[in-house]
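Data block for input37.cif (mmCIF, C-alpha atoms):
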```
data_target
#
loop_
_atom_site.label_atom_id
_atom_site.label_comp_id
_atom_site.auth_asym_id
_atom_site.auth_seq_id
_atom_site.Cartn_x
_atom_site.Cartn_y
_atom_site.Cartn_z
CA MET A 156 122.93 109.25 67.61
CA LYS A 157 126.09 111.11 66.64
CA ILE A 158 125.33 113.31 63.63
CA LEU A 159 127.69 115.37 61.47
CA VAL A 160 126.47 118.05 59.06
CA CYS A 161 128.67 119.29 56.21
CA ILE A 162 128.15 123.03 55.66
CA LYS A 163 129.73 125.54 53.32
CA GLN A 164 130.20 129.29 53.10
CA VAL A 165 129.18 130.60 49.67
CA PRO A 166 129.22 134.08 48.06
CA GLU A 167 126.31 136.24 49.16
CA SER A 168 125.79 137.81 45.72
CA ASN A 169 126.65 137.25 42.07
CA LYS A 170 129.23 140.07 42.22
CA VAL A 171 132.26 137.90 42.86
CA GLU A 172 135.87 138.25 41.79
CA VAL A 173 137.66 135.54 39.86
CA ASP A 174 141.40 134.91 40.05
CA PRO A 175 142.64 135.50 36.47
CA VAL A 176 145.49 133.00 36.91
CA THR A 177 143.83 130.03 38.62
CA GLY A 178 140.30 130.71 37.38
CA VAL A 179 138.76 130.12 40.83
CA ILE A 180 136.53 132.37 42.91
CA LYS A 181 138.29 134.73 45.32
CA ARG A 182 136.64 133.91 48.64
CA ASP A 183 138.82 135.88 51.05
CA GLY A 184 137.06 139.05 52.14
CA ALA A 185 133.98 138.48 49.96
CA ALA A 186 130.51 138.88 51.47
CA SER A 187 129.34 135.37 52.25
CA LYS A 188 126.53 133.32 53.78
CA MET A 189 125.75 129.70 54.60
CA ASN A 190 124.79 127.62 51.60
CA PRO A 191 120.95 127.58 51.68
CA TYR A 192 120.64 123.83 51.13
CA ASP A 193 122.83 123.24 54.20
CA LEU A 194 120.19 124.92 56.36
CA TYR A 195 117.82 122.06 55.52
CA ALA A 196 120.49 119.52 56.44
CA LEU A 197 121.05 121.28 59.76
CA GLU A 198 117.35 121.34 60.56
CA THR A 199 117.09 117.65 59.71
CA ALA A 200 119.92 116.95 62.15
CA PHE A 201 118.26 118.96 64.92
CA ARG A 202 114.92 117.16 64.40
CA LEU A 203 116.66 113.78 64.58
CA ARG A 204 118.49 114.80 67.74
CA GLU A 205 115.18 115.78 69.32
CA THR A 206 113.71 112.33 68.66
CA THR A 207 116.75 110.07 69.10
CA GLY A 208 119.06 112.05 71.36
CA GLY A 209 122.77 112.47 70.74
CA THR A 210 124.81 115.31 69.29
CA VAL A 211 125.01 117.43 66.14
CA ASP A 212 128.45 118.53 64.95
CA VAL A 213 129.25 120.58 61.84
CA ILE A 214 132.24 120.56 59.54
CA SER A 215 133.25 122.99 56.81
CA MET A 216 136.13 123.52 54.42
CA GLY A 217 137.31 126.99 53.48
CA PRO A 218 139.40 130.03 54.43
CA PRO A 219 139.54 131.22 58.07
CA GLN A 220 136.47 133.42 57.55
CA ALA A 221 134.38 130.26 57.07
CA GLN A 222 134.28 130.05 60.87
CA GLU A 223 131.37 132.49 60.54
CA VAL A 224 129.02 129.79 59.24
CA ILE A 225 130.15 127.40 61.96
CA ARG A 226 129.26 130.02 64.57
CA GLU A 227 125.93 130.53 62.81
CA ALA A 228 125.36 126.79 63.20
CA PHE A 229 126.21 127.13 66.91
CA ALA A 230 123.53 129.83 67.19
CA MET A 231 121.05 127.43 65.59
CA GLY A 232 121.89 124.60 67.99
CA ALA A 233 125.00 122.72 66.80
CA ASP A 234 127.12 121.22 69.57
CA ALA A 235 130.62 121.43 68.04
CA GLY A 236 132.30 122.56 64.83
CA THR A 237 135.39 121.86 62.77
CA LEU A 238 136.93 123.96 60.01
CA ILE A 239 139.27 122.38 57.46
CA SER A 240 141.49 125.23 56.35
CA ASP A 241 144.87 125.27 54.63
CA ARG A 242 146.20 126.97 51.51
CA ALA A 243 147.09 123.49 50.26
CA PHE A 244 143.34 122.83 49.93
CA GLY A 245 142.64 125.89 47.74
CA GLY A 246 141.27 125.53 44.21
CA ALA A 247 139.95 122.00 44.75
CA ASP A 248 137.44 120.50 42.33
CA VAL A 249 134.63 118.24 43.56
CA LEU A 250 136.89 115.18 43.79
CA ALA A 251 139.63 116.91 45.79
CA THR A 252 137.01 118.69 47.92
CA SER A 253 135.23 115.45 48.79
CA TYR A 254 138.56 113.75 49.56
CA THR A 255 139.62 116.60 51.86
CA LEU A 256 136.29 116.55 53.68
CA ALA A 257 136.49 112.77 54.06
CA GLN A 258 139.98 113.06 55.52
CA GLY A 259 138.75 115.75 57.90
CA ILE A 260 135.80 113.62 58.96
CA LYS A 261 138.10 110.67 59.66
CA ALA A 262 140.31 112.96 61.77
CA SER A 263 137.24 114.18 63.70
CA GLY A 264 135.95 110.78 64.82
CA ALA A 265 133.21 108.28 64.00
CA TYR A 266 129.64 109.33 63.20
CA ASP A 267 126.38 107.41 62.87
CA LEU A 268 124.95 109.77 60.27
CA ILE A 269 126.44 112.41 57.95
CA LEU A 270 124.11 114.96 56.39
CA CYS A 271 124.75 117.26 53.45
CA GLY A 272 122.63 119.73 51.52
CA LYS A 273 121.55 118.52 48.10
CA GLN A 274 124.02 120.89 46.41
CA THR A 275 125.77 124.24 46.78
CA ILE A 276 124.61 127.37 44.99
CA ASP A 277 128.13 128.33 43.88
CA GLY A 278 128.93 125.02 42.20
CA ASP A 279 125.61 123.19 41.68
CA THR A 280 127.36 119.88 40.97
CA ALA A 281 125.46 117.90 43.66
CA GLN A 282 128.37 115.45 43.66
CA VAL A 283 130.37 116.13 46.82
CA GLY A 284 128.05 114.34 49.26
CA ALA A 285 128.02 111.05 47.37
CA GLU A 286 131.78 111.26 46.80
CA ILE A 287 132.43 111.79 50.53
CA ALA A 288 130.46 108.59 51.16
CA GLU A 289 132.60 106.72 48.62
CA TRP A 290 135.83 107.87 50.27
CA LEU A 291 134.48 106.85 53.69
CA GLY A 292 133.12 103.53 52.43
CA VAL A 293 129.57 104.12 53.69
CA PRO A 294 126.25 103.94 51.80
CA SER A 295 124.60 107.17 50.66
CA ILE A 296 121.23 108.40 49.40
CA ASN A 297 120.67 111.64 47.50
CA ASN A 298 117.60 113.88 47.13
CA VAL A 299 116.17 112.86 50.50
CA CYS A 300 112.83 114.61 51.00
CA GLU A 301 111.43 112.86 54.09
CA ILE A 302 112.60 110.85 57.10
CA HIS A 303 110.26 107.97 57.98
CA ASP A 304 111.93 105.91 60.68
CA VAL A 305 115.20 105.69 62.58
CA THR A 306 116.39 102.66 64.49
CA GLN A 307 119.64 101.82 66.22
CA ASP A 308 121.15 100.45 63.04
CA SER A 309 119.14 101.88 60.11
CA ILE A 310 117.23 104.86 58.73
CA THR A 311 114.29 104.84 56.30
CA VAL A 312 113.81 107.81 53.97
CA SER A 313 112.02 108.98 50.84
CA MET A 314 114.11 110.15 47.90
CA ASP A 315 112.69 112.46 45.25
CA LEU A 316 113.56 110.99 41.84
CA PRO A 317 112.74 112.59 38.45
CA GLU A 318 109.60 110.50 37.86
CA GLU A 319 108.70 109.10 41.28
CA VAL A 320 109.38 109.16 45.00
CA GLU A 321 111.03 106.00 46.32
CA ILE A 322 111.35 104.80 49.90
CA ALA A 323 114.68 103.28 50.90
CA LYS A 324 116.04 101.75 54.09
CA VAL A 325 119.79 102.10 54.58
CA SER A 326 122.06 100.83 57.34
CA LEU A 327 124.02 103.12 59.63
CA PRO A 328 126.52 104.68 59.40
CA CYS A 329 125.51 106.38 56.16
CA LEU A 330 125.39 109.74 54.39
CA LEU A 331 122.21 111.52 53.28
CA SER A 332 122.02 114.50 50.93
CA VAL A 333 118.75 116.28 51.72
CA ASP A 334 116.55 118.29 49.40
CA LYS A 335 114.99 121.64 50.25
CA ASP A 336 111.71 121.77 52.16
CA ILE A 337 112.37 118.53 54.03
CA PHE A 338 111.93 120.74 57.11
CA MET A 339 111.59 124.48 57.58
CA PRO A 340 114.99 125.69 58.88
CA ARG A 341 114.96 127.44 62.23
CA LEU A 342 116.46 130.89 62.74
CA PRO A 343 119.65 131.46 64.74
CA SER A 344 119.01 132.38 68.36
CA PHE A 345 120.63 135.55 69.71
CA VAL A 346 120.66 134.06 73.20
CA ARG A 347 122.39 130.93 71.91
CA LYS A 348 124.77 133.07 69.83
CA MET A 349 125.91 134.94 72.95
CA ALA A 350 126.13 131.72 74.95
CA THR A 351 128.40 130.08 72.33
CA LYS A 352 130.53 133.08 71.33
CA GLU A 353 133.53 131.67 73.21
CA ARG A 354 132.99 128.08 72.07
CA PRO A 355 136.15 126.92 70.28
CA VAL A 356 136.16 125.85 66.64
CA THR A 357 138.54 123.02 65.85
CA VAL A 358 140.76 123.89 62.87
CA LEU A 359 142.37 121.11 60.83
CA SER A 360 145.19 121.66 58.34
CA LEU A 361 147.15 119.33 56.09
CA LYS A 362 149.38 118.23 58.98
CA ASP A 363 146.30 116.96 60.86
CA MET A 364 145.28 114.59 58.06
CA LYS A 365 146.22 110.93 57.95
CA ASP A 366 147.15 111.43 54.29
CA GLN A 367 149.58 114.36 54.21
CA ASP A 368 150.54 114.09 50.54
CA PRO A 369 149.90 117.61 49.10
CA SER A 370 149.41 116.17 45.61
CA HIS A 371 146.06 114.75 46.76
CA TYR A 372 144.58 118.12 47.69
CA GLY A 373 143.66 121.46 46.17
CA LEU A 374 144.60 122.22 42.57
CA ASN A 375 147.26 119.49 42.64
CA GLY A 376 144.68 116.83 43.49
CA SER A 377 142.02 118.04 41.05
CA PRO A 378 141.75 116.02 37.82
CA THR A 379 139.41 118.64 36.33
CA GLN A 380 140.69 122.13 35.61
CA VAL A 381 138.66 125.29 35.10
CA GLN A 382 139.09 126.69 31.59
CA ARG A 383 137.00 129.78 32.16
CA ILE A 384 134.78 131.08 34.95
CA PHE A 385 132.88 134.34 35.17
CA PRO A 386 130.07 135.83 37.27
CA PRO A 387 126.61 136.10 35.71
CA GLU A 388 125.68 139.40 34.12
CA THR A 389 123.75 141.93 36.15
CA ASP A 390 120.81 143.86 34.74
CA HIS A 391 123.12 146.77 33.92
CA GLU A 392 125.37 144.55 31.82
CA LYS A 393 122.67 142.90 29.70
CA GLU A 394 122.35 143.73 26.04
CA VAL A 395 118.93 144.33 24.54
CA TRP A 396 118.52 143.01 21.00
CA ASN A 397 115.74 143.89 18.60
CA GLY A 398 114.90 142.53 15.18
CA SER A 399 113.41 139.56 13.41
CA GLY A 400 113.94 135.97 14.48
CA THR A 401 116.60 135.48 11.83
CA MET A 402 118.46 138.64 12.87
CA LEU A 403 118.37 137.63 16.54
CA ALA A 404 119.63 134.14 15.70
CA ASP A 405 122.57 135.67 13.78
CA LYS A 406 123.38 137.97 16.71
CA MET A 407 123.28 135.06 19.11
CA TYR A 408 125.65 133.05 16.92
CA ASP A 409 128.07 136.00 16.66
CA LYS A 410 128.01 136.41 20.45
CA ILE A 411 128.75 132.72 20.99
CA VAL A 412 131.71 132.95 18.62
CA GLU A 413 132.89 136.16 20.32
CA LEU A 414 132.85 134.49 23.74
CA LYS A 415 134.72 131.49 22.28
CA PHE A 416 132.10 128.97 23.39
CA ILE A 417 132.50 127.25 20.00
#
```
As structure tokens, please, write out the structure in this file.
Amino acid sequence: MKILVCIKQVPESNKVEVDPVTGVIKRDGAASKMNPYDLYALETAFRLRETTGGTVDVISMGPPQAQEVIREAFAMGADAGTLISDRAFGGADVLATSYTLAQGIKASGAYDLILCGKQTIDGDTAQVGAEIAEWLGVPSINNVCEIHDVTQDSITVSMDLPEEVEIAKVSLPCLLSVDKDIFMPRLPSFVRKMATKERPVTVLSLKDMKDQDPSHYGLNGSPTQVQRIFPPETDHEKEVWNGSGTMLADKMYDKIVELKFI
């Protein structure tokens, strides 16, 4: 089975800088890590490879420094990695991001199974995986919490829904977005890290895509625009309010008006 895992580099802390003009997070030079949910997708891929054979590739979209998470995936056991990186892709919303990833996947070859983490901790939309599947024209299942059976042409899984757990069988190729705790992620191996330190990472830019129209990518290809974005407050920035319930309600209303939320 040929498996591809979509991974992402996300900020390591809540102390991030925001571009005052574009309203997007400044990722260059910021301390980063692999998106935690992607670790579960990687482990799922490795477990499937152990039982069915085949390969596990990874793909990511981001600035050049995002190669770090691809090399982390190498140290965990991934066979090959691709980074989609071009300034034309910057500032993308979920639609433009999913389209760019789908274009990169098409440029990378055919896969039997694509795995994504349930969501990313910097966006929390949980939309990109399903949208990639739509662009690729393959079926998808979200919130996958268990793998039951894999055959040559199908996979059977459990999906964790709000009120119940359902079992679904879907034909291959397909895309699965996995939930946390489906498997316990393994740690990177230092021996494997040293053995793969010279392994090349394929880098794709706009010129490598079948669709090279810049209006379909990045800010230009994003139908949604960020009006305001800001990092969460730290403990040192929090205000402490005292008073009766009525007084606190009035203070909360004044703060909402001050921040222009209404």
* Asked: Could you work out how far atom CA of Met339 of chain A lies from atom CA of Ile310 of chain A, giving the answer in Å with one decimal?
  -> 20.4 Å
* Near-Asp234 of chain A list (9 Å; only C-alpha atoms; drop same-chain fewer than 6 positions) as a ChimeraX atom specification -> /A:210-213,228
* Asked: Taking the file as shown, what set of residues would the PyMOL selection byres ((chain A and resi 311) around 9) give back, as an MDAnalysis selection string?
  -> chainID A and resid 301:306 309:310 312:313 322:326
Go ahead and save the residues from that selection, with C-alpha atoms, as a tab-separated table (two decimals), keeping the file's coordinate frame.
```
chain	number	residue	atom	x	y	z
A	301	GLU	CA	111.43	112.86	54.09
A	302	ILE	CA	112.60	110.85	57.10
A	303	HIS	CA	110.26	107.97	57.98
A	304	ASP	CA	111.93	105.91	60.68
A	305	VAL	CA	115.20	105.69	62.58
A	306	THR	CA	116.39	102.66	64.49
A	309	SER	CA	119.14	101.88	60.11
A	310	ILE	CA	117.23	104.86	58.73
A	312	VAL	CA	113.81	107.81	53.97
A	313	SER	CA	112.02	108.98	50.84
A	322	ILE	CA	111.35	104.80	49.90
A	323	ALA	CA	114.68	103.28	50.90
A	324	LYS	CA	116.04	101.75	54.09
A	325	VAL	CA	119.79	102.10	54.58
A	326	SER	CA	122.06	100.83	57.34
```
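The smallest atom-to-atom distance between Ala221 of chain A and any of A:Thr252, A:Ser187, A:Tyr408, A:Pro317, using all atoms listed in the file, is found for A:Ser187.
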* Just how far from atom CA of Phe201 of chain A is atom CA of Lys261 of chain A, in Å to one decimal? ->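 So the two atoms, atom CA of Lys261 of chain A and atom CA of Phe201 of chain A, lie 22.1 Å apart.
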* For atom CA of Lys348 of chain A and atom CA of Phe229 of chain A, the interatomic separation in Å (one decimal) ->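 Spanning atom CA of Lys348 of chain A to atom CA of Phe229 of chain A is a straight-line distance of 6.8 Å.
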Within-10 Å shell of (129.7, 109.6, 59.5) in input frame, all atoms listed in the file, as a PDB file with C-alpha atoms, keeping the file's coordinate frame:
```pdb
ATOM      1  CA  LYS A 157     126.090 111.110  66.640  1.00  0.00           C
ATOM      2  CA  ILE A 158     125.330 113.310  63.630  1.00  0.00           C
ATOM      3  CA  LEU A 159     127.690 115.370  61.470  1.00  0.00           C
ATOM      4  CA  VAL A 160     126.470 118.050  59.060  1.00  0.00           C
ATOM      5  CA  ALA A 257     136.490 112.770  54.060  1.00  0.00           C
ATOM      6  CA  ILE A 260     135.800 113.620  58.960  1.00  0.00           C
ATOM      7  CA  LYS A 261     138.100 110.670  59.660  1.00  0.00           C
ATOM      8  CA  SER A 263     137.240 114.180  63.700  1.00  0.00           C
ATOM      9  CA  GLY A 264     135.950 110.780  64.820  1.00  0.00           C
ATOM     10  CA  ALA A 265     133.210 108.280  64.000  1.00  0.00           C
ATOM     11  CA  TYR A 266     129.640 109.330  63.200  1.00  0.00           C
ATOM     12  CA  ASP A 267     126.380 107.410  62.870  1.00  0.00           C
ATOM     13  CA  LEU A 268     124.950 109.770  60.270  1.00  0.00           C
ATOM     14  CA  ILE A 269     126.440 112.410  57.950  1.00  0.00           C
ATOM     15  CA  LEU A 270     124.110 114.960  56.390  1.00  0.00           C
ATOM     16  CA  ILE A 287     132.430 111.790  50.530  1.00  0.00           C
ATOM     17  CA  ALA A 288     130.460 108.590  51.160  1.00  0.00           C
ATOM     18  CA  LEU A 291     134.480 106.850  53.690  1.00  0.00           C
ATOM     19  CA  GLY A 292     133.120 103.530  52.430  1.00  0.00           C
ATOM     20  CA  VAL A 293     129.570 104.120  53.690  1.00  0.00           C
ATOM     21  CA  LEU A 327     124.020 103.120  59.630  1.00  0.00           C
ATOM     22  CA  PRO A 328     126.520 104.680  59.400  1.00  0.00           C
ATOM     23  CA  CYS A 329     125.510 106.380  56.160  1.00  0.00           C
ATOM     24  CA  LEU A 330     125.390 109.740  54.390  1.00  0.00           C
ATOM     25  CA  LEU A 331     122.210 111.520  53.280  1.00  0.00           C
TER      26      LEU A 331
END
```
* To do: Let me know the residues the PyMOL selection byres ((chain A and resi 214) around 10) catches in the file above, as an MDAnalysis selection string.
  => chainID A and resid 159:163 212:213 215:216 222 224:225 228 235:239 256 259:260 263 356:358
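The neighbours of Cys300 of chain A here are the residues that come within 12 Å of it, using only C-alpha atoms and leaving out any residue fewer than 3 positions away in the same chain; they are Tyr195, Ala196, Thr199, Gly272, Lys273, Ile296, Asn297, His303, Thr311, Val312, Ser313, Met314, Asp315, Leu316, Glu319, Val320, Glu321, Ile322, Ala323, Leu331, Ser332, Val333, Asp334, Lys335, Asp336, Ile337, Phe338 and Met339 of chain A.
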* To do: Evaluate the PyMOL selection byres ((chain A and resi 374) around 6) and record the selected residues as a PyMOL selection string, following the chain and residue labels used in the document.
  => chain A and resi 246-247+373+375-377
* Tell me which protein, DNA and RNA residues are within 12 Å of Met349 of chain A, counting all atoms listed in the file, leaving out same-chain ones fewer than 3 positions away, and put them as a list in words. => Arg226, Glu227, Phe229, Ala230, Met231, Pro343, Ser344, Phe345, Val346, Lys352, Glu353 and Arg354 of chain A
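Those residues positioned at most 8 Å from (137.1, 130.2, 53.1) are Gln164, Arg182, Asp183, Met216, Gly217, Pro218, Pro219, Gln220, Ala221 and Ser240 of chain A, judged using only C-alpha atoms.
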* Pick out the closest residue to Gln258 of chain A from this set: A:Glu289, A:Glu413, A:Glu318, A:Asp193. Count only C-alpha atoms. =>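 Of A:Glu289, A:Glu413, A:Glu318, A:Asp193, the one nearest Gln258 of chain A is A:Glu289, counting only C-alpha atoms.
Compared by their closest atoms to Pro166 of chain A, and using only C-alpha atoms, the residues A:Thr280, A:Thr379, A:Asn298, A:Thr275 rank with A:Thr275 nearest.
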Give the padded box for segment 338-355 of chain A as lines of an AutoDock Vina configuration file: axis-aligned, covering all atoms listed in the file, 5 Å on each side, centre and edge lengths in Å to one decimal.
```
center_x = 123.9
center_y = 128.1
center_z = 66.0
size_x = 34.6
size_y = 24.8
size_z = 27.8
```
Missing atoms of segment 338-362 of chain A rebuilt to N, CA and C atoms, written as a PDB file, in the frame of the given file:
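Contents of result29.pdb, freshly written:
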```pdb
ATOM      1  N   PHE A 338     112.416 120.071  55.912  1.00  0.00           N
ATOM      2  CA  PHE A 338     111.930 120.740  57.110  1.00  0.00           C
ATOM      3  C   PHE A 338     112.149 122.233  56.920  1.00  0.00           C
ATOM      4  N   MET A 339     111.384 123.040  57.608  1.00  0.00           N
ATOM      5  CA  MET A 339     111.590 124.480  57.580  1.00  0.00           C
ATOM      6  C   MET A 339     112.748 124.827  58.519  1.00  0.00           C
ATOM      7  N   PRO A 340     113.847 125.388  58.016  1.00  0.00           N
ATOM      8  CA  PRO A 340     114.990 125.690  58.880  1.00  0.00           C
ATOM      9  C   PRO A 340     114.627 126.710  59.956  1.00  0.00           C
ATOM     10  N   ARG A 341     115.170 126.500  61.145  1.00  0.00           N
ATOM     11  CA  ARG A 341     114.960 127.440  62.230  1.00  0.00           C
ATOM     12  C   ARG A 341     115.919 128.622  62.103  1.00  0.00           C
ATOM     13  N   LEU A 342     115.607 129.714  62.759  1.00  0.00           N
ATOM     14  CA  LEU A 342     116.460 130.890  62.740  1.00  0.00           C
ATOM     15  C   LEU A 342     117.512 130.782  63.845  1.00  0.00           C
ATOM     16  N   PRO A 343     118.669 131.416  63.652  1.00  0.00           N
ATOM     17  CA  PRO A 343     119.650 131.460  64.740  1.00  0.00           C
ATOM     18  C   PRO A 343     119.076 132.187  65.945  1.00  0.00           C
ATOM     19  N   SER A 344     119.468 131.761  67.115  1.00  0.00           N
ATOM     20  CA  SER A 344     119.010 132.380  68.360  1.00  0.00           C
ATOM     21  C   SER A 344     120.071 133.342  68.869  1.00  0.00           C
ATOM     22  N   PHE A 345     119.671 134.583  69.179  1.00  0.00           N
ATOM     23  CA  PHE A 345     120.630 135.550  69.710  1.00  0.00           C
ATOM     24  C   PHE A 345     121.135 135.102  71.077  1.00  0.00           C
ATOM     25  N   VAL A 346     120.245 134.541  71.885  1.00  0.00           N
ATOM     26  CA  VAL A 346     120.660 134.060  73.200  1.00  0.00           C
ATOM     27  C   VAL A 346     121.703 132.951  73.052  1.00  0.00           C
ATOM     28  N   ARG A 347     121.446 132.028  72.134  1.00  0.00           N
ATOM     29  CA  ARG A 347     122.390 130.930  71.910  1.00  0.00           C
ATOM     30  C   ARG A 347     123.687 131.461  71.288  1.00  0.00           C
ATOM     31  N   LYS A 348     123.582 132.469  70.423  1.00  0.00           N
ATOM     32  CA  LYS A 348     124.770 133.070  69.830  1.00  0.00           C
ATOM     33  C   LYS A 348     125.684 133.644  70.902  1.00  0.00           C
ATOM     34  N   MET A 349     125.107 134.368  71.865  1.00  0.00           N
ATOM     35  CA  MET A 349     125.910 134.940  72.950  1.00  0.00           C
ATOM     36  C   MET A 349     126.472 133.853  73.850  1.00  0.00           C
ATOM     37  N   ALA A 350     125.688 132.803  74.067  1.00  0.00           N
ATOM     38  CA  ALA A 350     126.130 131.720  74.950  1.00  0.00           C
ATOM     39  C   ALA A 350     127.273 130.912  74.330  1.00  0.00           C
ATOM     40  N   THR A 351     127.374 130.901  72.999  1.00  0.00           N
ATOM     41  CA  THR A 351     128.400 130.080  72.330  1.00  0.00           C
ATOM     42  C   THR A 351     129.519 130.908  71.709  1.00  0.00           C
ATOM     43  N   LYS A 352     129.551 132.224  72.000  1.00  0.00           N
ATOM     44  CA  LYS A 352     130.530 133.080  71.330  1.00  0.00           C
ATOM     45  C   LYS A 352     131.975 132.724  71.677  1.00  0.00           C
ATOM     46  N   GLU A 353     132.185 132.086  72.817  1.00  0.00           N
ATOM     47  CA  GLU A 353     133.530 131.670  73.210  1.00  0.00           C
ATOM     48  C   GLU A 353     133.787 130.192  72.918  1.00  0.00           C
ATOM     49  N   ARG A 354     132.807 129.510  72.356  1.00  0.00           N
ATOM     50  CA  ARG A 354     132.990 128.080  72.070  1.00  0.00           C
ATOM     51  C   ARG A 354     134.077 127.912  71.011  1.00  0.00           C
ATOM     52  N   PRO A 355     135.060 127.070  71.249  1.00  0.00           N
ATOM     53  CA  PRO A 355     136.150 126.920  70.280  1.00  0.00           C
ATOM     54  C   PRO A 355     135.711 126.184  69.014  1.00  0.00           C
ATOM     55  N   VAL A 356     136.330 126.552  67.917  1.00  0.00           N
ATOM     56  CA  VAL A 356     136.160 125.850  66.640  1.00  0.00           C
ATOM     57  C   VAL A 356     137.446 125.100  66.352  1.00  0.00           C
ATOM     58  N   THR A 357     137.359 123.818  66.176  1.00  0.00           N
ATOM     59  CA  THR A 357     138.540 123.020  65.850  1.00  0.00           C
ATOM     60  C   THR A 357     138.966 123.301  64.413  1.00  0.00           C
ATOM     61  N   VAL A 358     140.246 123.607  64.211  1.00  0.00           N
ATOM     62  CA  VAL A 358     140.760 123.890  62.870  1.00  0.00           C
ATOM     63  C   VAL A 358     141.747 122.793  62.487  1.00  0.00           C
ATOM     64  N   LEU A 359     141.497 122.168  61.349  1.00  0.00           N
ATOM     65  CA  LEU A 359     142.370 121.110  60.830  1.00  0.00           C
ATOM     66  C   LEU A 359     143.102 121.603  59.593  1.00  0.00           C
ATOM     67  N   SER A 360     144.386 121.330  59.512  1.00  0.00           N
ATOM     68  CA  SER A 360     145.190 121.660  58.340  1.00  0.00           C
ATOM     69  C   SER A 360     145.761 120.372  57.757  1.00  0.00           C
ATOM     70  N   LEU A 361     146.590 120.503  56.754  1.00  0.00           N
ATOM     71  CA  LEU A 361     147.150 119.330  56.090  1.00  0.00           C
ATOM     72  C   LEU A 361     147.897 118.430  57.078  1.00  0.00           C
ATOM     73  N   LYS A 362     148.588 119.026  58.029  1.00  0.00           N
ATOM     74  CA  LYS A 362     149.380 118.230  58.980  1.00  0.00           C
ATOM     75  C   LYS A 362     148.515 117.392  59.913  1.00  0.00           C
TER      76      LYS A 362
END
```
